[in-house]
Amino acid sequence: MECSWADSMCIAGSWPFDGACSYETVISHCSAKWLFLCPCKLPEKGPKSEQLNKMNFGPWISCERMAVLHGGFLLAEKQYHPKTLAALNKSEWGTIGQHVIRAFEESCKIISDPGEKTQWKKKVIAFIWAKVLSFKPDTSGNDVDHKWKSDIFFSVHTMIPNVNYVTLLELVKSLQASELFVQLLMALPPERSVSELKTFADHALNEVSLTDIDFFLDLWQEIMKYKKEQQDEIDSVFAAEACRFLSDVGDEFSQSPKRFKPNNESGVLDSPGICIPGILFDCLQMMVSSIVSLKFKCCALANLAQMLFTTMLSETDYYLPIDLYLQKLAIVISVWNASSEQQSDEKCSVAKVKEAEKVVRSAHTASNYKLSNTTRIFGLQVFSELLHSWSLELKEATDLTAEYTYQRYRMIDCFVCFNKILSSYRSFPDLSEADKECAADVCQTITDFLENLSFPILEGKAILFAVAVIIIDERMDRYKEVCSVFASASSWASSTEEWISCIERNKVIFTEQNLVLKLIAAVMSEACLGSSNDKLKRIMAVTLDCFSELSVVDQNSILVHIISAYGPKGLCTRTGIPEDFQKELNLSFNCITQSEGDLTITKAASSVARVLLLHPEATLQKACHLAVVNLGAQKLLAEILKNLLAPSAKECSSSVTLGSLLIGCLKEAAWEKLTSDIEVTQFLDFLSSLMQPYESSCPLLCPNDVVKHFVLPHLMENYSNLELSLQILKRALHQDSGKQLTEQWIINTSPFPLVFSLCCLLDGFIKCWQEGSGEVHPPSIETRDLLIYVLEQICSLAEQVAAAFPETRSRSLLWLHRKTENLDWTVRLRLRSIYCGYFKNEVPSTLFEVCKLSDYEWSPLNISEYGQGTGLLAWMECCCSSADVMEEMISSLNVDQKNPDEINMFSKGFLIALVQVMPWCSQNEWKRLAYVVKKLLQKEYLHVPYTLEYVTVMPLLNLRPFACELQFSVLLLRAFQFLCSKSCSDWLPVQGWTYVAKLYSNSISDVLESVKSKCTLQETNEDQNANMAQECIFVFIQLFCHVLHITVMMPEGTTEPLYVLALKVLSQYEAQCMMDNSAIQSLTRANEKYFLQSIAEHMKNEEQRTTLLQKISKF
């Protein structure tokens, strides 16, 4: 069944009961009737309908609750008959209004949820307020028909009789709903909220009672506590409808029985800038005579002080530190708990904390209102008058009362804050003298009042922890700041299990860098206090969980801080190493080393960060070890460590820096445990990656520190780890390639001592073939090239540094020259690029016998070891020093080519010098000498006769294209004949013989390549190709004979390089034979095969001889 709204109104207008019926009977009848008759029908489609749909229309209009409320209004209207409720006076509310209050209470009984009950109370106030605003005495049927379509409150307004402001305001006062009323009031446009507050003030000043004063002061507090952010859907809908009603009614909405009369003397309300604070100041001044209660006097002064104080604040002027903020919350709740009016079984509840939050926030943050000077001065005057009038009574009452109420505490707190800002307010330059005098008077009055006031210091420590927990759990205002206090509160951490439980519940909001650092501090503090293992594990676990959720950048900062604060053992410094740490460490790295290529650096770094926080040293040692032993893992691990640690490496300011810790781990886990060339290479790659800058940050390892720890200690006479140290130095120098000198690490240290150290090492290579004694071992000749390369690089940098600092250049070069005076002259010659323009090249005087050198650049030295006839030896040693010196030596060589005797003597002297120099040449120096030999052969300075001792029948071949190669091979053969003679056989140890064999093998390998390339360049007819092939075959046979000859002369156990070379020559011979298309090539091959077998038979080593013969037999 569905009835029209007109029918419903008729039914509602009927009254089937007599005057003696009970309240319960009426309510029961109306509930049943309205549940059946009120269909809660939505308006037709349009803007209002859409608005209602968004609001969830059902809860707005609950038929059952509205029916109960309707019954209360019917009873009130019946009792007030024949007058209407629209004419109700304030004095009549006590009897008439009870029906409405009881009906409201009855409607709330069917609501179980406290929040929903509050919402219902707010809706009732909104309904009635809207009814007051919408009331028009001349309402017609057409108007009702229009409302039905447009008014979203129409269904409830038809159930409520016409009422005035008395009903609204007295109901709000009876329901103690000041907060809800203020929320609705502030939802209105500013000018309308001022008008409505004026109406309220008018009502409050009419027949003032204690409840009126209480209502007024409470509403004032709620106005100060109000935040616009708390506006909800009810406020929005009410404001929209109220604006529509007010625009329709105009200025005739006020139905109050007595108009508000402002204080004409103050001039506040007559000014254009009339405002809510001005209304409250004036209303209080007019109500003063009625305020006799001590509680109300405290509240009135507190309200005045707070409003004046907060309206003087700007957004940044005054902000409570979080510790003080928490303390004030706890004190407010403690005062409430101590007050007889606020006693509660629950000492600290969510509701209490939320309310205390509003109180403290409103008292210490800038107000929504900004007062004009006139209004402010008026407020100060009112405050001063009241304080002068009540101060004695307040002091005596405070001194004599043992139980301090909330309003007393609030008054004193507001006075203290107000007095602070008044002190600075008096110095504002734009104030008039009268304003300054007024402010000074108020300030002095407050000071005098507080000076002799005996009021205990309240701390609220007992519930401070509970307050903090509630704020965090409920995410209330400033909860992030509370988290900071909570995490660093060591007393809470050690005294209650709820501390760690709260963090476990709210891990998501503790995942911030500063909070994790404070949790780490709590872990260390608990470890020092000797807390139980279970508790320590819980704190550690939640700390690590929060740390794991941080960004890599934040993790980086924390790790650097931990190493700086607690040293290399991190959290384990005090907590001890957890039982499962090793397992977690292995799992972290296993997921990296065993993962596929799509593992991102960030993900990999995150898996390592957790264990790195627990024990940085153990984690870094593990990373260093895996970087060396896991093939291909070195670069990934280096990137992970740089990702985690490099961005804040410079912030590590303690004695244990990241660099020193990492270097220590590298030494212990890798440096001293390298067992293969692969591990050495991986170690060098790992170190190089760590020295490379990470994005825009500095490198994790500064090259300067790497050199200091891995290079300088090993540039000693025992030559331990020398080659590896030089490799590291080489990598460190490469880090600065392409950079400006000012950006290079070498600029932070003087390169000249390093140059001197390297020169000393190079000077020691003269002992490379001496037997070592004890722990002192001579340097390996294989390291010489690396040392020379590094020395050249350092010299180049030293030259740049010297040029960049001309004021110290002379002193530095003089120091270096003096330090190297006792070193071999060949070493000093390598410093010519640094000395250029300062010192001449000092060489043995005998060098000038074979060279034409400039006296401007070259200076002779009398060296006892270089006597008569050693000029070529010195010349050859100069050729070894560098490419540019070599070219100068060749161009300045003084040999008379027209004199056969001189050419002959030069060639013999050259051979002797070559024998003396060769064993001490590095690979590069030997290549340079080989180049010199070829140049001299081409210029015909050097005479090397080619003998036919390995030729039985001389073939008719053109050997001129291969003359240089054959002469070079013969020269080396003659050199080895000298070297292997009895006079020289004791020069070298086994390693030395093996080394010269390698030098020879490398040179002949180059000769083979030269011969091969000349053969392939011949692109003429087939006959010429055949002839050239035969010549190449002849050259290969000769080279094989030379190699075998030297092999036979060499000491046993040193011929392995020559054996490999012989096999290589045979392979080249075999390949060339396949290209020979001559008619008698079969016969020729047979003869050559026999000849080669006869030569191979002379091999001493049976295994090598057998292998060579087998290879030859297959030709």
# chains A, B, ... in the order shown; residues from 1 in each chain; ligands from 1
>>> select_by_dssp(residues="range 847-1067 of chain A", states="helix (DSSP H, G or I)", output="PyMOL selection string")
chain A and resi 847-849+871-881+883-892+900-920+923-939+960-979+990-1017+1022-1049+1056-1067
>>> write_last_selection(atoms="C-alpha atoms", output="compact mmCIF listing (two decimals), in the first residue's frame")
# COMPACT_ATOMS: atom_id res chain seq x y z
CA LEU A 847 128.81 5.97 -25.38
CA PHE A 848 130.20 9.12 -26.96
CA GLU A 849 132.81 6.93 -28.74
CA GLY A 871 130.39 1.98 -25.95
CA LEU A 872 128.21 -0.42 -27.96
CA LEU A 873 126.98 -2.01 -24.75
CA ALA A 874 125.88 1.41 -23.44
CA TRP A 875 124.42 2.23 -26.85
CA MET A 876 122.37 -0.97 -26.86
CA GLU A 877 121.12 -0.35 -23.30
CA CYS A 878 120.00 3.13 -24.38
CA CYS A 879 118.08 1.55 -27.26
CA CYS A 880 116.22 -0.60 -24.74
CA SER A 881 115.07 2.34 -22.60
CA ALA A 883 111.30 4.17 -28.50
CA ASP A 884 112.36 7.81 -28.85
CA VAL A 885 115.81 7.16 -27.34
CA MET A 886 116.15 4.15 -29.63
CA GLU A 887 115.49 6.26 -32.72
CA GLU A 888 117.96 8.87 -31.51
CA MET A 889 120.58 6.20 -30.92
CA ILE A 890 120.15 4.74 -34.43
CA SER A 891 120.29 8.16 -36.08
CA SER A 892 123.36 9.25 -34.07
CA PRO A 900 135.42 -2.72 -43.99
CA ASP A 901 137.47 -3.17 -40.83
CA GLU A 902 135.24 -0.80 -38.88
CA ILE A 903 132.11 -2.58 -40.12
CA ASN A 904 133.62 -5.91 -39.16
CA MET A 905 134.67 -4.67 -35.71
CA PHE A 906 131.25 -3.06 -35.17
CA SER A 907 129.48 -6.30 -36.08
CA LYS A 908 131.59 -8.36 -33.66
CA GLY A 909 131.17 -5.79 -30.90
CA PHE A 910 127.45 -5.69 -31.55
CA LEU A 911 127.22 -9.48 -31.15
CA ILE A 912 129.11 -9.39 -27.86
CA ALA A 913 126.95 -6.54 -26.53
CA LEU A 914 123.81 -8.39 -27.60
CA VAL A 915 124.87 -11.44 -25.61
CA GLN A 916 125.47 -9.27 -22.55
CA VAL A 917 122.14 -7.43 -22.79
CA MET A 918 119.75 -10.13 -23.95
CA PRO A 919 119.23 -12.11 -20.70
CA TRP A 920 118.24 -8.95 -18.81
CA GLN A 923 109.85 -8.80 -23.64
CA ASN A 924 109.26 -5.27 -24.92
CA GLU A 925 112.92 -4.32 -24.63
CA TRP A 926 113.88 -7.40 -26.59
CA LYS A 927 111.37 -6.54 -29.32
CA ARG A 928 112.92 -3.08 -29.44
CA LEU A 929 116.40 -4.63 -29.85
CA ALA A 930 115.11 -6.94 -32.59
CA TYR A 931 113.83 -3.86 -34.39
CA VAL A 932 117.28 -2.26 -34.01
CA VAL A 933 118.96 -5.36 -35.50
CA LYS A 934 116.66 -5.31 -38.53
CA LYS A 935 117.23 -1.58 -39.02
CA LEU A 936 121.01 -2.02 -38.90
CA LEU A 937 120.83 -4.95 -41.31
CA GLN A 938 118.77 -2.88 -43.72
CA LYS A 939 121.22 0.04 -43.48
CA ARG A 960 117.36 -11.96 -51.36
CA PRO A 961 113.77 -11.19 -50.13
CA PHE A 962 114.53 -13.29 -47.04
CA ALA A 963 118.06 -12.06 -46.41
CA CYS A 964 117.10 -10.05 -43.33
CA GLU A 965 115.24 -12.96 -41.76
CA LEU A 966 118.06 -15.42 -42.39
CA GLN A 967 120.74 -13.02 -41.15
CA PHE A 968 118.71 -12.27 -38.01
CA SER A 969 118.34 -15.98 -37.32
CA VAL A 970 122.06 -16.57 -37.82
CA LEU A 971 122.88 -13.60 -35.54
CA LEU A 972 120.77 -15.16 -32.78
CA LEU A 973 122.44 -18.52 -33.40
CA ARG A 974 125.86 -16.91 -32.99
CA ALA A 975 124.64 -15.13 -29.86
CA PHE A 976 123.52 -18.40 -28.31
CA GLN A 977 126.81 -20.01 -29.28
CA PHE A 978 128.52 -17.33 -27.20
CA LEU A 979 125.96 -17.58 -24.41
CA VAL A 990 117.66 -22.60 -15.04
CA GLN A 991 114.94 -19.95 -15.00
CA GLY A 992 117.25 -17.59 -16.87
CA TRP A 993 117.96 -20.12 -19.64
CA THR A 994 114.24 -20.80 -19.98
CA TYR A 995 113.59 -17.08 -20.21
CA VAL A 996 116.12 -16.46 -23.00
CA ALA A 997 114.66 -19.46 -24.80
CA LYS A 998 111.28 -17.70 -24.65
CA LEU A 999 112.81 -14.51 -26.02
CA TYR A 1000 114.38 -16.42 -28.88
CA SER A 1001 111.14 -18.33 -29.57
CA ASN A 1002 109.16 -15.11 -29.75
CA SER A 1003 111.65 -13.57 -32.16
CA ILE A 1004 111.72 -16.59 -34.50
CA SER A 1005 107.91 -16.74 -34.37
CA ASP A 1006 107.92 -13.17 -35.67
CA VAL A 1007 110.38 -14.23 -38.37
CA LEU A 1008 108.05 -17.07 -39.41
CA GLU A 1009 105.17 -14.64 -39.71
CA SER A 1010 107.35 -12.30 -41.77
CA VAL A 1011 108.33 -15.08 -44.19
CA LYS A 1012 104.75 -16.27 -44.46
CA SER A 1013 103.47 -12.77 -45.23
CA LYS A 1014 106.08 -12.28 -47.96
CA CYS A 1015 105.00 -15.51 -49.60
CA THR A 1016 101.35 -14.57 -49.67
CA LEU A 1017 102.12 -11.16 -51.18
CA GLU A 1022 102.21 -19.93 -61.26
CA ASP A 1023 105.91 -20.56 -62.01
CA GLN A 1024 106.95 -17.63 -59.87
CA ASN A 1025 104.58 -18.82 -57.13
CA ALA A 1026 106.24 -22.21 -57.31
CA ASN A 1027 109.71 -20.71 -57.11
CA MET A 1028 108.72 -18.53 -54.12
CA ALA A 1029 107.23 -21.55 -52.41
CA GLN A 1030 110.51 -23.39 -52.75
CA GLU A 1031 112.37 -20.43 -51.30
CA CYS A 1032 110.03 -20.27 -48.33
CA ILE A 1033 110.55 -24.00 -47.80
CA PHE A 1034 114.30 -23.48 -47.86
CA VAL A 1035 114.03 -20.66 -45.27
CA PHE A 1036 111.85 -22.82 -42.99
CA ILE A 1037 114.37 -25.68 -43.18
CA GLN A 1038 117.19 -23.28 -42.27
CA LEU A 1039 115.22 -21.89 -39.34
CA PHE A 1040 114.48 -25.43 -38.14
CA CYS A 1041 118.16 -26.23 -38.22
CA HIS A 1042 119.01 -23.07 -36.26
CA VAL A 1043 116.40 -23.89 -33.64
CA LEU A 1044 117.60 -27.46 -33.24
CA HIS A 1045 121.19 -26.27 -33.06
CA ILE A 1046 120.39 -23.93 -30.18
CA THR A 1047 118.26 -26.61 -28.50
CA VAL A 1048 121.17 -29.00 -28.44
CA MET A 1049 123.41 -26.34 -26.87
CA GLU A 1056 110.55 -26.52 -23.75
CA PRO A 1057 109.96 -23.17 -25.56
CA LEU A 1058 112.40 -24.23 -28.32
CA TYR A 1059 110.70 -27.60 -28.72
CA VAL A 1060 107.33 -25.87 -29.20
CA LEU A 1061 108.99 -23.51 -31.69
CA ALA A 1062 110.45 -26.43 -33.67
CA LEU A 1063 106.97 -27.96 -34.01
CA LYS A 1064 105.65 -24.63 -35.19
CA VAL A 1065 108.39 -24.37 -37.85
CA LEU A 1066 107.60 -27.88 -39.09
CA SER A 1067 103.92 -26.97 -39.33
>>> residues_around(residues="range 110-119 of chain A", least_positions_apart="3", cutoff="12 Å", atoms="only C-alpha atoms", output="compact mmCIF listing (two decimals) with N, CA, C and O atoms, in the first residue's frame")
# COMPACT_ATOMS: atom_id res chain seq x y z
N PRO A 59 20.09 5.99 5.19
CA PRO A 59 20.42 6.39 6.56
C PRO A 59 19.99 7.80 6.91
O PRO A 59 19.83 8.14 8.07
N TRP A 60 19.86 8.67 5.90
CA TRP A 60 19.39 10.02 6.21
C TRP A 60 17.97 9.99 6.76
O TRP A 60 17.65 10.74 7.67
N ILE A 61 17.15 9.19 6.19
CA ILE A 61 15.74 9.17 6.62
C ILE A 61 15.37 7.76 7.05
O ILE A 61 15.01 6.93 6.23
N SER A 62 15.53 7.50 8.32
CA SER A 62 15.14 6.22 8.87
C SER A 62 13.69 6.33 9.34
O SER A 62 13.37 7.09 10.25
N GLU A 64 11.72 4.41 10.95
CA GLU A 64 11.43 3.99 12.32
C GLU A 64 11.84 5.07 13.32
O GLU A 64 11.07 5.43 14.22
N ARG A 65 13.06 5.61 13.15
CA ARG A 65 13.55 6.62 14.08
C ARG A 65 12.74 7.91 13.93
O ARG A 65 12.40 8.58 14.92
N MET A 66 12.44 8.28 12.69
CA MET A 66 11.67 9.50 12.47
C MET A 66 10.27 9.39 13.04
O MET A 66 9.69 10.38 13.52
N VAL A 68 9.47 7.73 15.72
CA VAL A 68 9.60 7.93 17.17
C VAL A 68 9.77 9.41 17.47
O VAL A 68 9.13 9.96 18.38
N PHE A 104 13.79 11.57 21.34
CA PHE A 104 15.12 11.38 20.74
C PHE A 104 15.86 10.25 21.44
O PHE A 104 16.48 9.39 20.79
N GLU A 105 15.82 10.22 22.75
CA GLU A 105 16.50 9.16 23.49
C GLU A 105 15.92 7.80 23.13
O GLU A 105 16.66 6.81 23.02
N GLU A 106 14.61 7.74 22.94
CA GLU A 106 13.97 6.49 22.57
C GLU A 106 14.42 6.04 21.17
O GLU A 106 14.66 4.86 20.92
N SER A 107 14.58 6.99 20.27
CA SER A 107 15.00 6.64 18.90
C SER A 107 16.44 6.12 18.88
O SER A 107 16.82 5.38 17.98
N LYS A 122 23.37 14.27 14.85
CA LYS A 122 23.71 15.38 13.96
C LYS A 122 22.64 15.58 12.89
O LYS A 122 22.29 16.71 12.53
N LYS A 123 22.10 14.48 12.39
CA LYS A 123 21.05 14.58 11.37
C LYS A 123 19.79 15.23 11.94
O LYS A 123 19.14 16.05 11.28
N VAL A 124 19.47 14.88 13.19
CA VAL A 124 18.27 15.45 13.82
C VAL A 124 18.43 16.97 13.95
O VAL A 124 17.51 17.74 13.66
N ILE A 125 19.64 17.39 14.40
CA ILE A 125 19.89 18.83 14.52
C ILE A 125 19.80 19.49 13.15
O ILE A 125 19.24 20.59 13.01
N ALA A 126 20.37 18.82 12.14
CA ALA A 126 20.33 19.37 10.78
C ALA A 126 18.89 19.48 10.28
O ALA A 126 18.51 20.48 9.65
N LEU A 175 20.96 18.12 24.54
CA LEU A 175 21.69 16.95 24.04
C LEU A 175 23.20 17.08 24.19
O LEU A 175 23.93 16.15 23.84
N GLN A 176 23.65 18.24 24.70
CA GLN A 176 25.10 18.51 24.84
C GLN A 176 25.82 18.25 23.50
O GLN A 176 26.83 17.56 23.43
N ALA A 177 25.26 18.86 22.48
CA ALA A 177 25.74 18.63 21.12
C ALA A 177 26.40 19.87 20.54
O ALA A 177 26.23 20.19 19.36
N GLU A 179 29.49 20.40 19.76
CA GLU A 179 30.43 20.08 18.69
C GLU A 179 29.71 19.88 17.37
O GLU A 179 30.14 20.40 16.32
N LEU A 180 28.59 19.15 17.40
CA LEU A 180 27.84 18.90 16.18
C LEU A 180 27.22 20.19 15.65
O LEU A 180 27.19 20.43 14.43
N PHE A 181 26.74 21.01 16.55
CA PHE A 181 26.15 22.28 16.16
C PHE A 181 27.19 23.17 15.47
O PHE A 181 26.92 23.80 14.45
N GLN A 183 29.91 22.19 13.93
CA GLN A 183 30.25 21.63 12.62
C GLN A 183 29.27 22.07 11.55
O GLN A 183 29.65 22.43 10.43
N ASP A 232 31.99 16.79 6.93
CA ASP A 232 31.54 15.53 6.35
C ASP A 232 30.37 15.76 5.40
O ASP A 232 30.02 16.89 5.07
N GLU A 233 29.75 14.67 4.98
CA GLU A 233 28.69 14.72 3.99
C GLU A 233 27.45 15.42 4.53
O GLU A 233 26.78 16.17 3.81
N ILE A 234 27.16 15.18 5.80
CA ILE A 234 25.98 15.83 6.40
C ILE A 234 26.14 17.34 6.39
O ILE A 234 25.21 18.08 6.06
N ASP A 235 27.37 17.79 6.74
CA ASP A 235 27.62 19.23 6.74
C ASP A 235 27.42 19.82 5.34
O ASP A 235 26.81 20.88 5.18
N ALA A 351 38.71 7.55 22.13
CA ALA A 351 37.86 8.75 22.14
C ALA A 351 38.52 9.87 22.94
O ALA A 351 38.50 11.04 22.54
>>> closest_residue(among="A:Leu519, A:Leu219, A:Ala541, A:Leu188", to="Lys173 in chain A", atoms="only C-alpha atoms")
A:Leu219
>>> closest_residue(among="A:Ala434, A:Trp336, A:Ala76, A:Lys1100", to="Ala356 in chain A", atoms="only C-alpha atoms")
A:Trp336
>>> closest_residue(among="A:Leu308, A:Ala604, A:Leu861, A:Cys348", to="Ala439 in chain A", atoms="only C-alpha atoms")
A:Leu308
>>> residues_around(residues="Asn419 in chain A", least_positions_apart="2", cutoff="10 Å", atoms="only C-alpha atoms", output="list of chain:residue names")
A:Ala305, A:Phe309, A:Cys414, A:Phe415, A:Val416, A:Cys417, A:Ile421, A:Leu422, A:Ser423, A:Ser424, A:Tyr425, A:Ala439, A:Ala440, A:Val442, A:Cys443, A:Gln444, A:Thr445, A:Ile446, A:Thr447, A:Leu450
>>> closest_residue(among="A:Thr311, A:Ser757, A:Cys921, A:Thr675", to="Arg784 in chain A", atoms="only C-alpha atoms")
A:Cys921
>>> closest_residue(among="A:Gln735, A:Ser389, A:Asn721, A:Ser432", to="Pro693 in chain A", atoms="only C-alpha atoms")
A:Gln735
>>> residues_around(residues="Arg830 in chain A", least_positions_apart="5", cutoff="10 Å", atoms="only C-alpha atoms", output="VMD selection string")
chain A and resid 759 788 791 to 792 795 825 835 841 878 881 to 882 885
